[in-house]
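*Asks:* Have a look at this one.
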Amino acid sequence: MATGRGSRYLLTIGRWRRSFGIAPQFRALAALVPGVSHVDNKSDFLGKRPHRRHPGILQLSCVRLPQALAEAAQLLLLGSAMPNMEKQVQALTNYLWSRHLPVEPEELQRRAVLLEKKILENADSCQTEKHHEKILHALRRTTYHWQELSYSEGLSLVYMAARLDGGFAAVSRAFHEIQARLPEFQPQTLMDFGSGTGSVTWAAHSTWGQSLREYMCVDSSAAMLELAEKLLKGGSGSGMPCVPGVFFRQFLPVSPKVQFDVVVAAFSLSELPSKADRTDVVQTLWRKTGHFLVLIENGTKAGHSLLMDARDLVLNGKEKSPLDPRPGFVFAPCPHELPCPQLTASKPLACSFSQAYYPIPFSWNKKPKEEKFSLVILARGSPEKANRWPRITQPVLKRPRHVHCHLCCPDGHMQHAVITARRHGRDLYRCARVSSWGDLLPVITPLELPPSAQDAQDAPES
């Protein structure tokens, strides 16, 4: 068994016992590692539910596009005269996935200085006047050339065929986490920055369609906005929209008094040309957030790093909204507000998750796929009421009579937990075995234990 630095978490489980008015008692079981924590039973941990439905289960089954959306997308693509659509879709998918962030001017200047020193050390006196050309040539050869995508009508269609279904799956998973953990939350307004084909609107309507009355879609591309409106109207520009209350605009609302219950930026921050632009946008989006700010990017190191920058910007920001001075905290996926242990590890890894989905049914698109993405959900208020349960950050490895879980713990460290029924009890073992990548394991720290549970843990074995 291997454990991380956060070894003060005991993965044990117990059940409340109530009888004759006596306070609930906590049954202490064997510990995973010395002195760690118990499973959280404060909210009637299992009750009469089976283990496969324990409260940390958040993974969705294979996501399918709403039928009206899938039919509208098929109609638009069949009506287009774009040649080699399959090859164009694959090329755009590969390009978007392998895309890096643009190099900042400061970093470019630093590289130029290092190259200049290296060239001058090896240059002859007669060649010194040409070292500037060598520096420029070396920079062009070694620097990633980021280019802003300009979405025309044709490229918008290709993007729809490539990303509509996967984007819908990732956003649906993010919304499902909020709904599953806070079923009483019923948003009325939503803003989608970088709305593209409108997948966020469709996912929000599928999740909170009964309460949402206004959807604000913001995208700088007029072609994208037109395509999103056509999708809402069944593939034409004259039908009735399938989702009422949707508004389109090319710029963010200027008024500081306008706030939305949910603000989303899905695969949009990576389209901005500089860190300064991303900072301005994130600060603006947070000012316009009433309850939740949902940020999603590709599940790559670049996407994860970008989201962690946005997370730190909100958490450390001194600027407060005049409408809502409440501070922010991380609702998901991190169970803490500390630096990401994935990025501070000796070998940094992207904190990413996976969601299965059925693609738009084209001739080349028939088998279910997996959308790999990174996300961060920021909320206004106090984190004290939020569940601080460890997050499963990698696929759960199920082996005969034991389970491997890689956990991000509330103390800001990673832990590799090996759970067995013999050492840790049947309940914990079965809960871990049915959990998946991205789920929460409902355990709490010793500081959160009730006095009766702490006494049971400290009591010597008979």
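Quick note on naming: the chains in the structure tokens go A, B, ... in the order shown, residues restart at 1 in each chain, and ligands are numbered from 1 in order of appearance.
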As an MDAnalysis selection string, list the residues of segment 120-311 of chain A assigned to alpha helix (DSSP H) by DSSP on the backbone atoms of this structure.

*Replies:* chainID A and resid 120:122 131:142 153:181 199:208 222:232 275:287 301:311

*Asks:* Determine, counting only C-alpha atoms, which protein, DNA and RNA residues have an atom within 8 Å of an atom of segment 391-404 of chain A; residues of the same chain fewer than 2 positions away are not included. Present the result as a PyMOL selection string.

*Replies:* chain A and resi 333-335+351-353+389+406-409+416-421+429+432-433+435-441

*Asks:* In Å, with one decimal, what is the gap from atom CA of His51 of chain A to atom CA of Ala180 of chain A?

*Replies:*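 Atom CA of Ala180 of chain A lies 16.4 Å from atom CA of His51 of chain A.
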
*Asks:* List every residue of segment 151-400 of chain A that DSSP, applied to the backbone of this structure, places in strand (DSSP E or B), and write the result as number ranges by chain.

*Replies:* A: 189-193, 214-218, 246-249, 260-266, 289-298, 328-332, 353-358, 362, 365, 369-380, 391-392, 397-399

*Asks:* Nearest to Asp261 of chain A: which of A:Thr142, A:Ser156, A:Ser374, A:Gln186 is it, counting only C-alpha atoms?

*Replies:* A:Gln186

*Asks:* Could you name the residues that touch segment 279-283 of chain A at 10 Å or less, counting only C-alpha atoms, but leaving out those on the same chain fewer than 3 positions away, as a list in words?

*Replies:*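 Result of the neighbour search: Phe193, Leu252, Ala265, Leu269, Leu272, Ser274, Lys275, Ala276, Trp286, Arg287, Lys288, Thr289, Leu293, Leu295, Asp309, Ala310, Arg311, Leu313, Val314, Gly317, Glu319, Lys320 and Ser321 of chain A.
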
*Asks:* Got a sec: who's within 10 Å of Phe260 of chain A, counting only C-alpha atoms, leaving out chain neighbours fewer than 3 positions off, as a PyMOL selection string?

*Replies:* chain A and resi 187-192+214-216+263-264+285-293
